[in-house]
Each structure stands twice: as C-alpha cells, then as structure tokens.
>>> print(open('coords.pdb').read())   # PDB, C-alpha atoms
ATOM      1  CA  MET I  23     -17.046  12.469  -3.347
ATOM      2  CA  ILE I  24     -15.333   9.312  -4.616
ATOM      3  CA  ARG I  25     -17.293   6.193  -5.434
ATOM      4  CA  VAL I  26     -15.783   2.831  -6.384
ATOM      5  CA  ASP I  27     -18.437   0.418  -7.566
ATOM      6  CA  PRO I  28     -18.261  -3.369  -7.120
ATOM      7  CA  VAL I  29     -16.959  -5.436 -10.035
ATOM      8  CA  PHE I  30     -17.290  -9.032  -8.813
ATOM      9  CA  PRO I  31     -18.812 -11.398 -10.050
ATOM     10  CA  GLY I  32     -18.569  -9.557 -13.361
ATOM     11  CA  ARG I  33     -14.800  -9.830 -13.113
ATOM     12  CA  PRO I  34     -12.145  -9.890 -10.380
ATOM     13  CA  LEU I  35     -10.848  -6.681  -8.835
ATOM     14  CA  ARG I  36      -7.593  -5.785 -10.593
ATOM     15  CA  LEU I  37      -4.819  -5.063  -8.065
ATOM     16  CA  VAL I  38      -1.356  -3.581  -8.482
ATOM     17  CA  VAL I  39       0.696  -4.017  -5.326
ATOM     18  CA  LEU I  40       3.449  -1.650  -4.151
ATOM     19  CA  ALA I  41       6.089  -3.126  -1.832
ATOM     20  CA  SER I  42       9.561  -2.381  -0.504
ATOM     21  CA  GLY I  43      10.558  -5.358   1.637
ATOM     22  CA  GLU I  44       9.875  -8.983   2.428
ATOM     23  CA  GLY I  45       6.511  -8.975   0.675
ATOM     24  CA  THR I  46       4.544 -10.894   3.314
ATOM     25  CA  LEU I  47       1.405  -8.816   2.697
ATOM     26  CA  PHE I  48       1.878  -9.300  -1.034
ATOM     27  CA  GLN I  49       2.194 -13.040  -0.389
ATOM     28  CA  SER I  50      -1.090 -13.025   1.520
ATOM     29  CA  LEU I  51      -2.813 -11.742  -1.624
ATOM     30  CA  LEU I  52      -1.120 -14.394  -3.744
ATOM     31  CA  ASP I  53      -2.126 -17.117  -1.288
ATOM     32  CA  ALA I  54      -5.725 -15.904  -1.203
ATOM     33  CA  ARG I  55      -6.324 -16.087  -4.941
ATOM     34  CA  ARG I  56      -7.811 -19.584  -4.956
ATOM     35  CA  GLU I  57     -10.202 -18.982  -2.044
ATOM     36  CA  THR I  58     -10.938 -15.363  -3.010
ATOM     37  CA  PRO I  59     -11.729 -15.306  -6.740
ATOM     38  CA  SER I  60     -12.879 -11.696  -6.451
ATOM     39  CA  LEU I  61      -9.213 -10.575  -6.452
ATOM     40  CA  SER I  62      -6.665 -10.593  -9.261
ATOM     41  CA  VAL I  63      -3.059  -9.483  -8.700
ATOM     42  CA  GLN I  64      -1.874  -7.862 -11.929
ATOM     43  CA  ALA I  65       1.628  -6.727 -10.995
ATOM     44  CA  LEU I  66       4.121  -5.855  -8.280
ATOM     45  CA  VAL I  67       5.853  -2.471  -8.329
ATOM     46  CA  THR I  68       8.785  -1.822  -5.976
ATOM     47  CA  ASP I  69      11.086   1.071  -5.190
ATOM     48  CA  LYS I  70      14.194  -1.118  -4.929
ATOM     49  CA  PRO I  71      15.360  -4.722  -5.252
ATOM     50  CA  CYS I  72      13.714  -6.671  -2.428
ATOM     51  CA  PRO I  73      12.516 -10.187  -1.503
ATOM     52  CA  ALA I  74       8.972  -9.356  -2.631
ATOM     53  CA  ILE I  75      10.272  -9.547  -6.208
ATOM     54  CA  ASP I  76      11.254 -13.195  -5.742
ATOM     55  CA  ARG I  77       7.724 -13.947  -4.549
ATOM     56  CA  ALA I  78       6.312 -12.299  -7.670
ATOM     57  CA  HIS I  79       8.630 -14.235  -9.973
ATOM     58  CA  ARG I  80       7.631 -17.537  -8.380
ATOM     59  CA  ALA I  81       3.986 -16.662  -8.989
ATOM     60  CA  ASP I  82       4.588 -15.402 -12.566
ATOM     61  CA  ILE I  83       3.497 -11.883 -11.615
ATOM     62  CA  PRO I  84       5.042  -9.017 -13.639
ATOM     63  CA  VAL I  85       7.419  -6.732 -11.752
ATOM     64  CA  ALA I  86       8.542  -3.130 -12.242
ATOM     65  CA  THR I  87      11.088  -1.319 -10.078
ATOM     66  CA  ILE I  88      11.054   2.490 -10.041
ATOM     67  CA  THR I  89      13.957   3.763  -7.947
ATOM     68  CA  PRO I  90      13.361   7.105  -6.191
ATOM     69  CA  PRO I  91      15.981   9.836  -6.209
ATOM     70  CA  ARG I  92      18.389  10.155  -3.319
ATOM     71  CA  LYS I  93      17.950  13.405  -1.484
ATOM     72  CA  ASN I  94      21.600  14.464  -1.546
ATOM     73  CA  ALA I  95      22.541  13.086  -4.941
ATOM     74  CA  PRO I  96      22.260  15.042  -8.205
ATOM     75  CA  ALA I  97      20.172  13.636 -11.003
ATOM     76  CA  THR I  98      22.088  11.804 -13.728
ATOM     77  CA  PRO I  99      21.160  11.051 -17.337
ATOM     78  CA  GLU I 100      21.083   7.329 -16.486
ATOM     79  CA  ASP I 101      18.667   7.740 -13.581
ATOM     80  CA  HIS I 102      16.362  10.484 -14.851
ATOM     81  CA  PRO I 103      17.103  11.657 -18.400
ATOM     82  CA  ALA I 104      14.301  14.222 -18.366
ATOM     83  CA  THR I 105      15.635  15.922 -15.247
ATOM     84  CA  CYS I 106      19.413  15.646 -15.551
ATOM     85  CA  HIS I 107      19.673  19.435 -15.810
ATOM     86  CA  GLN I 108      17.076  20.063 -13.110
ATOM     87  CA  ASP I 109      18.848  18.697 -10.116
ATOM     88  CA  THR I 110      16.663  19.881  -7.248
ATOM     89  CA  TYR I 111      15.367  17.053  -5.121
ATOM     90  CA  ALA I 112      11.760  18.286  -5.329
ATOM     91  CA  GLU I 113      11.831  18.221  -9.112
ATOM     92  CA  ARG I 114      13.384  14.765  -9.198
ATOM     93  CA  ARG I 115      10.822  13.568  -6.665
ATOM     94  CA  ARG I 116       7.976  14.816  -8.873
ATOM     95  CA  GLN I 117       9.531  13.008 -11.817
ATOM     96  CA  TRP I 118       9.734   9.803  -9.785
ATOM     97  CA  ASN I 119       6.070  10.079  -8.808
ATOM     98  CA  SER I 120       5.142  10.478 -12.470
ATOM     99  CA  GLU I 121       7.246   7.481 -13.453
ATOM    100  CA  LEU I 122       5.733   5.423 -10.638
ATOM    101  CA  ALA I 123       2.224   6.348 -11.785
ATOM    102  CA  GLN I 124       3.068   5.394 -15.371
ATOM    103  CA  ALA I 125       4.452   2.034 -14.260
ATOM    104  CA  VAL I 126       1.298   1.278 -12.289
ATOM    105  CA  GLN I 127      -1.085   2.582 -14.965
ATOM    106  CA  GLN I 128       0.170   0.153 -17.589
ATOM    107  CA  TYR I 129      -1.463  -2.675 -15.618
ATOM    108  CA  ASP I 130      -4.835  -0.859 -15.487
ATOM    109  CA  PRO I 131      -5.617  -1.413 -11.782
ATOM    110  CA  ASP I 132      -8.942  -0.893 -10.059
ATOM    111  CA  ILE I 133      -7.105  -0.532  -6.745
ATOM    112  CA  VAL I 134      -3.456   0.173  -5.936
ATOM    113  CA  VAL I 135      -2.405  -1.654  -2.764
ATOM    114  CA  SER I 136       0.434  -0.241  -0.690
ATOM    115  CA  ALA I 137       1.703  -3.357   1.100
ATOM    116  CA  GLY I 138       4.805  -2.425   3.037
ATOM    117  CA  PHE I 139       5.737   0.284   0.533
ATOM    118  CA  MET I 140       8.045   2.564   2.484
ATOM    119  CA  ARG I 141       7.565   5.688   0.392
ATOM    120  CA  ILE I 142       5.099   8.558   0.548
ATOM    121  CA  VAL I 143       3.527   9.107  -2.850
ATOM    122  CA  GLY I 144       3.049  12.665  -4.063
ATOM    123  CA  ASP I 145       0.483  14.710  -5.952
ATOM    124  CA  GLU I 146       1.547  13.392  -9.347
ATOM    125  CA  PHE I 147       0.707   9.849  -8.269
ATOM    126  CA  LEU I 148      -2.455  10.743  -6.358
ATOM    127  CA  ALA I 149      -3.762  12.711  -9.337
ATOM    128  CA  ARG I 150      -4.203   9.344 -11.052
ATOM    129  CA  PHE I 151      -4.934   7.030  -8.166
ATOM    130  CA  GLY I 152      -6.230   9.185  -5.324
ATOM    131  CA  GLY I 153      -9.262   7.516  -3.764
ATOM    132  CA  ARG I 154      -8.260   4.175  -5.297
ATOM    133  CA  MET I 155      -5.142   3.405  -3.264
ATOM    134  CA  THR I 156      -5.165   1.512   0.038
ATOM    135  CA  ASN I 157      -2.553   1.255   2.763
ATOM    136  CA  THR I 158      -2.148  -1.092   5.717
ATOM    137  CA  HIS I 159      -1.032   0.499   8.988
ATOM    138  CA  PRO I 160      -0.047  -1.408  12.185
ATOM    139  CA  ALA I 161      -2.170   0.610  14.637
ATOM    140  CA  LEU I 162      -5.739   1.726  15.176
ATOM    141  CA  LEU I 163      -5.636   5.048  13.368
ATOM    142  CA  PRO I 164      -5.808   7.909  14.101
ATOM    143  CA  SER I 165      -3.718   6.698  17.063
ATOM    144  CA  PHE I 166      -0.014   6.137  16.440
ATOM    145  CA  PRO I 167       0.500   7.200  12.816
ATOM    146  CA  GLY I 168       3.922   7.123  11.202
ATOM    147  CA  ALA I 169       6.746   4.672  10.683
ATOM    148  CA  HIS I 170       7.167   3.634  14.344
ATOM    149  CA  ALA I 171       3.541   2.876  15.198
ATOM    150  CA  VAL I 172       4.115  -0.390  17.055
ATOM    151  CA  ALA I 173       7.033   0.858  19.143
ATOM    152  CA  ASP I 174       5.109   4.049  19.896
ATOM    153  CA  ALA I 175       2.068   2.120  21.131
ATOM    154  CA  VAL I 176       4.178  -0.110  23.385
ATOM    155  CA  ALA I 177       6.169   2.835  24.759
ATOM    156  CA  TYR I 178       2.972   4.749  25.483
ATOM    157  CA  GLY I 179       1.581   1.860  27.508
ATOM    158  CA  ALA I 180      -1.427   1.255  25.267
ATOM    159  CA  LYS I 181      -3.363  -1.914  26.056
ATOM    160  CA  ILE I 182      -4.908  -2.229  22.604
ATOM    161  CA  THR I 183      -3.501  -1.522  19.163
ATOM    162  CA  GLY I 184      -4.399  -3.156  15.875
ATOM    163  CA  SER I 185      -4.416  -2.979  12.122
ATOM    164  CA  THR I 186      -6.062  -0.388   9.870
ATOM    165  CA  ILE I 187      -6.781  -0.482   6.152
ATOM    166  CA  HIS I 188      -7.281   3.049   4.869
ATOM    167  CA  LEU I 189      -7.376   5.047   1.667
ATOM    168  CA  VAL I 190      -4.225   6.999   0.904
ATOM    169  CA  ASP I 191      -4.374  10.788   0.766
ATOM    170  CA  SER I 192      -1.682  13.468   0.775
ATOM    171  CA  GLY I 193      -1.064  13.157   4.526
ATOM    172  CA  VAL I 194       0.790  10.528   6.544
ATOM    173  CA  ASP I 195      -1.702   7.829   7.580
ATOM    174  CA  THR I 196      -4.547  10.355   7.505
ATOM    175  CA  GLY I 197      -6.788   8.909   4.780
ATOM    176  CA  PRO I 198     -10.358   7.624   5.237
ATOM    177  CA  ILE I 199     -10.541   4.330   7.133
ATOM    178  CA  LEU I 200     -12.035   1.308   5.378
ATOM    179  CA  ASP I 201     -11.660  -1.291   8.139
ATOM    180  CA  GLN I 202      -9.868  -1.938  11.423
ATOM    181  CA  GLU I 203      -9.277  -4.799  13.831
ATOM    182  CA  ALA I 204      -7.972  -4.589  17.385
ATOM    183  CA  VAL I 205      -4.924  -6.454  18.696
ATOM    184  CA  PRO I 206      -4.178  -6.638  22.444
ATOM    185  CA  ILE I 207      -0.880  -5.579  24.000
ATOM    186  CA  HIS I 208       0.025  -7.814  26.935
ATOM    187  CA  ASP I 209       2.246  -7.077  29.912
ATOM    188  CA  GLY I 210       5.812  -7.929  28.985
ATOM    189  CA  ASP I 211       5.236  -7.487  25.252
ATOM    190  CA  THR I 212       7.951  -5.943  23.101
ATOM    191  CA  PRO I 213       7.446  -4.146  19.805
ATOM    192  CA  ASP I 214       8.533  -7.342  18.035
ATOM    193  CA  THR I 215       6.009  -9.584  19.769
ATOM    194  CA  VAL I 216       3.211  -7.089  19.171
ATOM    195  CA  HIS I 217       4.194  -6.623  15.549
ATOM    196  CA  ARG I 218       4.082 -10.374  14.929
ATOM    197  CA  ARG I 219       0.572 -10.465  16.398
ATOM    198  CA  ILE I 220      -0.493  -7.534  14.217
ATOM    199  CA  LYS I 221       0.937  -9.115  11.067
ATOM    200  CA  THR I 222      -1.273 -12.173  11.517
ATOM    201  CA  VAL I 223      -4.313  -9.911  11.675
ATOM    202  CA  GLU I 224      -3.321  -7.492   8.920
ATOM    203  CA  ARG I 225      -2.772 -10.204   6.307
ATOM    204  CA  ARG I 226      -6.295 -11.492   6.833
ATOM    205  CA  LEU I 227      -7.770  -7.996   7.135
ATOM    206  CA  LEU I 228      -6.185  -6.855   3.879
ATOM    207  CA  VAL I 229      -7.705  -9.754   1.962
ATOM    208  CA  SER I 230     -11.150  -9.321   3.514
ATOM    209  CA  THR I 231     -11.152  -5.557   2.892
ATOM    210  CA  LEU I 232     -10.209  -5.920  -0.753
ATOM    211  CA  ASP I 233     -12.790  -8.676  -1.146
ATOM    212  CA  ALA I 234     -15.410  -6.290   0.267
ATOM    213  CA  ILE I 235     -14.336  -3.633  -2.249
ATOM    214  CA  ALA I 236     -14.674  -6.139  -5.085
ATOM    215  CA  ARG I 237     -18.105  -7.337  -3.963
ATOM    216  CA  ARG I 238     -19.620  -4.143  -2.553
ATOM    217  CA  GLY I 239     -17.550  -1.119  -3.558
ATOM    218  CA  TYR I 240     -17.219   1.953  -1.357
ATOM    219  CA  ILE I 241     -17.884   5.655  -1.172
ATOM    220  CA  SER I 242     -15.724   8.329   0.457
ATOM    221  CA  ASP I 243     -16.138  12.030   1.096
ATOM    222  CA  GLY I 244     -12.414  12.432   1.709
ATOM    223  CA  ARG I 245     -12.742  12.103   5.494
ATOM    224  CA  LYS I 246     -14.952   9.051   5.956
ATOM    225  CA  ALA I 247     -15.331   5.934   3.845
ATOM    226  CA  SER I 248     -18.005   3.250   3.923
ATOM    227  CA  PHE I 249     -18.789   0.146   1.923
ATOM    228  CA  LEU I 250     -21.819   0.255  -0.298
ATOM    229  CA  PRO I 251     -24.830  -1.905   0.713
TER     230      PRO I 251
END
>>> encode(input="coords.pdb", output="structure tokens")
Amino acid sequence: MIRVDPVFPGRPLRLVVLASGEGTLFQSLLDARRETPSLSVQALVTDKPCPAIDRAHRADIPVATITPPRKNAPATPEDHPATCHQDTYAERRRQWNSELAQAVQQYDPDIVVSAGFMRIVGDEFLARFGGRMTNTHPALLPSFPGAHAVADAVAYGAKITGSTIHLVDSGVDTGPILDQEAVPIHDGDTPDTVHRRIKTVERRLLVSTLDAIARRGYISDGRKASFLP
C-alpha cells in the first residue's frame, strides 16, 4: 500500500517534470502556477534536446538532460564511463535509469510528472519513485494503451476516448488511475483532430489532478488509487 499525504497549505507540492518534446503539458504547469499555488515546478528533466528546454529557460526552471543509450551502439567512456566495458544494452539501460533517478532526486520531488516523456522507466528508477510518478495518456485506460492510442481509437471506430492521469508502474500504461475525462470522437474526425481535442482536456486535467494530490493526497494498493477525503 502506498500513501501520499497532502502537503498544501503547509507548502506547495514539489514537482519534477520529465519531457521529450514540445513541452505543452509542461507549459500548462508553468502557466498554472499563479492560479494554483499548491504546485511548485522544481525542474525539467529531458532525454534529449527539445523545445521543452526553451520553455524551462524562459521560466528560470533548472534543466537536466540524461541521454539514454542507443540500442545498437556500444557504450563509450564519454557517454557512460561506468559501463564502457559492459556494452550490453540492458546494462547500459540500467545505468541510464540510475542516472535519471539521480538527476531527479537532486530536486527532492514529491511527485515526478511524466509529461510527454517518450521513454519507459525501469526498475532502478521506480525503486526510488514508484507510486510517486504520474503519467498522462491520451485515451480512457485501460482502453487503447501504448504509443498510438489516438490513432488506435479512431481506427477502431470508438465514439468516446479521453485523457487519463495514472500512476506509473512497471507496465505500459497499466498503473492505477487517478483521474479521467472523456472526449468525444465525431464522424469525420482524424487522429490529429481528436488529439487536439484531447490536448485541451489533458492540460487542464493534469493541473487539477496534481492540485488534488497537493490538497488531499492519495492512497494506492497497486491496482486502484483514490484521493484521500
């Protein structure tokens, strides 16, 4: 059983955000800071150079970039000194997870927010932050998990999809659900038009879910999660 107790109004909820791309979800947290004093963005951590970094710099948010190993490339002393003689991908991946966890830990987060972070974190990362990491998924889980959720929903002929905020576990989009909101799929919609509609919802839903964590906390048995009274 995992329990995360509320911290606000004693202090804001400390967030470290993981991102890989444009950073629009990250921006929604930056934009919400004035109206949502329960949240405090401590840092942005990325897996590569990306536009989200520019957003962080403009907001004076610290940034760390931890580049994962390439599957078919050997480790080098420059990339991973500790593993330059252990060139299996699995070993280098474990090292990356440890380095990612260390980068996040230095900012002492209450919650780690995966906001368009296009990497699956491993056991080394979850050993530190399991039960305290959220992810935003563009579907109503458990329907349409994975990287192509919007296209899959449209191709299937679903009439409703949505956005889900869930805790991250060792599976792919399988963690306990914190909150969800439905988004309709209209006749003639494309994955792009549906995704734009979902993005509007998910930015708001992410802020409201994190605000609820700050004010109420939550409890999870590893399969279900619920906010505390």
>>> residues_around(input="coords.pdb", residues="Arg55 (chain I)", least_positions_apart="6", cutoff="12 Å", atoms="only C-alpha atoms", output="list in words")
Pro34, Leu35, Arg36, Leu37, Phe48, Gln49, Leu61, Ser62, Val63, Gln64, Ala81, Val229, Ser230, Leu232 and Asp233 of chain I
>>> closest_residue(input="coords.pdb", among="I:Ser165, I:Ser242, I:Thr212, I:Thr222", to="Leu189 (chain I)", atoms="all atoms listed in the file")
I:Ser242
>>> closest_atom_pairs(input="coords.pdb", of="region 115-232 of chain I", to="region 243-247 of chain I", cutoff="7 Å", atoms="all atoms listed in the file", output="CSV")
residue,atom,partner,partner_atom,distance
I:Gly197,CA,I:Arg245,CA,6.8
I:Pro198,CA,I:Lys246,CA,4.9
I:Ile199,CA,I:Ala247,CA,6.0
I:Leu200,CA,I:Ala247,CA,5.9
>>> resolve_selection(input="coords.pdb", expression="the PyMOL selection byres ((chain I and resi 68) around 6)", output="list in words")
Leu40, Ala41, Ser42, Val67, Asp69, Lys70 and Thr87 of chain I
>>> closest_residue(input="coords.pdb", among="I:Pro160, I:Pro73, I:Gly168, I:Gly153", to="Ile241 (chain I)", atoms="only C-alpha atoms")
I:Gly153
>>> resolve_selection(input="coords.pdb", expression="the PyMOL selection byres ((chain I and resi 167) around 12)", output="NGL selection string")
:I and (158-166 or 168-175 or 183-186 or 188 or 193-197)
>>> axis_aligned_box(input="coords.pdb", around="region 180-198 of chain I", padding_each_side="6 Å", output="AutoDock Vina command-line options")
--center_x -4.8 --center_y 5.2 --center_z 13.4 --size_x 23.1 --size_y 28.6 --size_z 37.3
>>> atom_distance(input="coords.pdb", atom1="CA of Gly32 (chain I)", atom2="CA of Pro59 (chain I)")
11.1 Å
>>> resolve_selection(input="coords.pdb", expression="the PyMOL selection byres ((chain I and resi 143-145) around 12)", output="JSON, numbers by chain")
{"I": [40, 69, 90, 112, 113, 114, 115, 116, 117, 118, 119, 120, 121, 122, 123, 134, 136, 139, 140, 141, 142, 146, 147, 148, 149, 150, 151, 152, 155, 156, 157, 190, 191, 192, 193, 194, 195]}
>>> atom_distance(input="coords.pdb", atom1="CA of Leu51 (chain I)", atom2="CA of Arg33 (chain I)")
16.7 Å
>>> atom_distance(input="coords.pdb", atom1="CA of Arg226 (chain I)", atom2="CA of Pro206 (chain I)")
16.5 Å
>>> closest_residue(input="coords.pdb", among="I:Val26, I:Leu250, I:Ala137, I:Ile187", to="Arg238 (chain I)", atoms="only C-alpha atoms")
I:Leu250
>>> closest_residue(input="coords.pdb", among="I:Gln127, I:Gly138, I:Ile24, I:Pro91", to="Glu44 (chain I)", atoms="only C-alpha atoms")
I:Gly138
>>> decode(input="coords.pdb", residues="region 237-248 of chain I", atoms="all heavy atoms", output="PDB file, in the first residue's frame")
ATOM      1  N   ARG I 237      -3.581  18.898  -2.235  1.00  0.00           N
ATOM      2  CA  ARG I 237      -4.565  19.273  -1.215  1.00  0.00           C
ATOM      3  C   ARG I 237      -5.113  18.076  -0.449  1.00  0.00           C
ATOM      4  O   ARG I 237      -5.488  18.213   0.725  1.00  0.00           O
ATOM      5  CB  ARG I 237      -5.717  20.030  -1.878  1.00  0.00           C
ATOM      6  CG  ARG I 237      -5.300  21.363  -2.483  1.00  0.00           C
ATOM      7  CD  ARG I 237      -6.455  22.014  -3.237  1.00  0.00           C
ATOM      8  NE  ARG I 237      -6.054  23.275  -3.841  1.00  0.00           N
ATOM      9  CZ  ARG I 237      -6.084  24.450  -3.212  1.00  0.00           C
ATOM     10  NH1 ARG I 237      -6.504  24.502  -1.958  1.00  0.00           N
ATOM     11  NH2 ARG I 237      -5.713  25.553  -3.826  1.00  0.00           N
ATOM     12  N   ARG I 238      -5.179  16.912  -1.092  1.00  0.00           N
ATOM     13  CA  ARG I 238      -5.855  15.770  -0.474  1.00  0.00           C
ATOM     14  C   ARG I 238      -4.959  14.549  -0.295  1.00  0.00           C
ATOM     15  O   ARG I 238      -5.198  13.739   0.613  1.00  0.00           O
ATOM     16  CB  ARG I 238      -7.066  15.375  -1.326  1.00  0.00           C
ATOM     17  CG  ARG I 238      -8.125  16.466  -1.435  1.00  0.00           C
ATOM     18  CD  ARG I 238      -9.213  16.096  -2.425  1.00  0.00           C
ATOM     19  NE  ARG I 238      -9.878  14.847  -2.064  1.00  0.00           N
ATOM     20  CZ  ARG I 238     -10.778  14.231  -2.841  1.00  0.00           C
ATOM     21  NH1 ARG I 238     -11.082  14.750  -4.031  1.00  0.00           N
ATOM     22  NH2 ARG I 238     -11.337  13.111  -2.449  1.00  0.00           N
ATOM     23  N   GLY I 239      -3.946  14.391  -1.164  1.00  0.00           N
ATOM     24  CA  GLY I 239      -3.156  13.178  -1.136  1.00  0.00           C
ATOM     25  C   GLY I 239      -3.917  12.012  -1.734  1.00  0.00           C
ATOM     26  O   GLY I 239      -5.073  12.139  -2.136  1.00  0.00           O
ATOM     27  N   TYR I 240      -3.279  10.844  -1.793  1.00  0.00           N
ATOM     28  CA  TYR I 240      -3.946   9.670  -2.345  1.00  0.00           C
ATOM     29  C   TYR I 240      -3.387   8.412  -1.717  1.00  0.00           C
ATOM     30  O   TYR I 240      -2.326   8.417  -1.067  1.00  0.00           O
ATOM     31  CB  TYR I 240      -3.814   9.607  -3.871  1.00  0.00           C
ATOM     32  CG  TYR I 240      -2.401   9.481  -4.391  1.00  0.00           C
ATOM     33  CD1 TYR I 240      -1.763   8.238  -4.488  1.00  0.00           C
ATOM     34  CD2 TYR I 240      -1.700  10.611  -4.809  1.00  0.00           C
ATOM     35  CE1 TYR I 240      -0.471   8.126  -4.975  1.00  0.00           C
ATOM     36  CE2 TYR I 240      -0.406  10.503  -5.293  1.00  0.00           C
ATOM     37  CZ  TYR I 240       0.202   9.270  -5.368  1.00  0.00           C
ATOM     38  OH  TYR I 240       1.486   9.155  -5.847  1.00  0.00           O
ATOM     39  N   ILE I 241      -4.089   7.336  -1.939  1.00  0.00           N
ATOM     40  CA  ILE I 241      -3.673   6.015  -1.477  1.00  0.00           C
ATOM     41  C   ILE I 241      -3.850   5.042  -2.632  1.00  0.00           C
ATOM     42  O   ILE I 241      -4.780   5.169  -3.436  1.00  0.00           O
ATOM     43  CB  ILE I 241      -4.487   5.586  -0.240  1.00  0.00           C
ATOM     44  CG1 ILE I 241      -3.869   4.341   0.423  1.00  0.00           C
ATOM     45  CG2 ILE I 241      -5.948   5.372  -0.572  1.00  0.00           C
ATOM     46  CD1 ILE I 241      -4.418   4.070   1.802  1.00  0.00           C
ATOM     47  N   SER I 242      -2.931   4.082  -2.746  1.00  0.00           N
ATOM     48  CA  SER I 242      -2.998   3.108  -3.835  1.00  0.00           C
ATOM     49  C   SER I 242      -2.564   1.752  -3.330  1.00  0.00           C
ATOM     50  O   SER I 242      -1.584   1.636  -2.574  1.00  0.00           O
ATOM     51  CB  SER I 242      -2.108   3.534  -5.002  1.00  0.00           C
ATOM     52  OG  SER I 242      -2.047   2.515  -5.990  1.00  0.00           O
ATOM     53  N   ASP I 243      -3.298   0.729  -3.770  1.00  0.00           N
ATOM     54  CA  ASP I 243      -2.917  -0.649  -3.438  1.00  0.00           C
ATOM     55  C   ASP I 243      -2.138  -1.306  -4.567  1.00  0.00           C
ATOM     56  O   ASP I 243      -1.892  -2.508  -4.550  1.00  0.00           O
ATOM     57  CB  ASP I 243      -4.150  -1.477  -3.091  1.00  0.00           C
ATOM     58  CG  ASP I 243      -5.125  -1.621  -4.263  1.00  0.00           C
ATOM     59  OD1 ASP I 243      -4.821  -1.134  -5.378  1.00  0.00           O
ATOM     60  OD2 ASP I 243      -6.202  -2.223  -4.067  1.00  0.00           O
ATOM     61  N   GLY I 244      -1.744  -0.513  -5.555  1.00  0.00           N
ATOM     62  CA  GLY I 244      -1.017  -1.042  -6.701  1.00  0.00           C
ATOM     63  C   GLY I 244      -1.902  -1.358  -7.888  1.00  0.00           C
ATOM     64  O   GLY I 244      -1.435  -1.469  -9.013  1.00  0.00           O
ATOM     65  N   ARG I 245      -3.214  -1.480  -7.674  1.00  0.00           N
ATOM     66  CA  ARG I 245      -4.165  -1.682  -8.754  1.00  0.00           C
ATOM     67  C   ARG I 245      -5.154  -0.523  -8.836  1.00  0.00           C
ATOM     68  O   ARG I 245      -5.462  -0.045  -9.912  1.00  0.00           O
ATOM     69  CB  ARG I 245      -4.927  -2.997  -8.547  1.00  0.00           C
ATOM     70  CG  ARG I 245      -6.021  -3.315  -9.559  1.00  0.00           C
ATOM     71  CD  ARG I 245      -5.555  -3.287 -11.014  1.00  0.00           C
ATOM     72  NE  ARG I 245      -5.580  -1.928 -11.566  1.00  0.00           N
ATOM     73  CZ  ARG I 245      -4.716  -1.444 -12.433  1.00  0.00           C
ATOM     74  NH1 ARG I 245      -3.717  -2.184 -12.873  1.00  0.00           N
ATOM     75  NH2 ARG I 245      -4.805  -0.204 -12.876  1.00  0.00           N
ATOM     76  N   LYS I 246      -5.627  -0.057  -7.688  1.00  0.00           N
ATOM     77  CA  LYS I 246      -6.544   1.067  -7.658  1.00  0.00           C
ATOM     78  C   LYS I 246      -5.907   2.209  -6.855  1.00  0.00           C
ATOM     79  O   LYS I 246      -5.122   1.973  -5.948  1.00  0.00           O
ATOM     80  CB  LYS I 246      -7.877   0.663  -7.035  1.00  0.00           C
ATOM     81  CG  LYS I 246      -8.648  -0.368  -7.844  1.00  0.00           C
ATOM     82  CD  LYS I 246      -9.986  -0.690  -7.166  1.00  0.00           C
ATOM     83  CE  LYS I 246     -10.768  -1.710  -7.962  1.00  0.00           C
ATOM     84  NZ  LYS I 246     -12.056  -2.031  -7.309  1.00  0.00           N
ATOM     85  N   ALA I 247      -6.307   3.413  -7.201  1.00  0.00           N
ATOM     86  CA  ALA I 247      -5.862   4.594  -6.473  1.00  0.00           C
ATOM     87  C   ALA I 247      -7.067   5.475  -6.193  1.00  0.00           C
ATOM     88  O   ALA I 247      -7.997   5.547  -7.002  1.00  0.00           O
ATOM     89  CB  ALA I 247      -4.814   5.372  -7.268  1.00  0.00           C
ATOM     90  N   SER I 248      -7.064   6.140  -5.066  1.00  0.00           N
ATOM     91  CA  SER I 248      -8.150   7.065  -4.734  1.00  0.00           C
ATOM     92  C   SER I 248      -7.595   8.211  -3.914  1.00  0.00           C
ATOM     93  O   SER I 248      -6.633   8.042  -3.132  1.00  0.00           O
ATOM     94  CB  SER I 248      -9.268   6.351  -3.977  1.00  0.00           C
ATOM     95  OG  SER I 248      -8.769   5.748  -2.796  1.00  0.00           O
TER      96      SER I 248
END
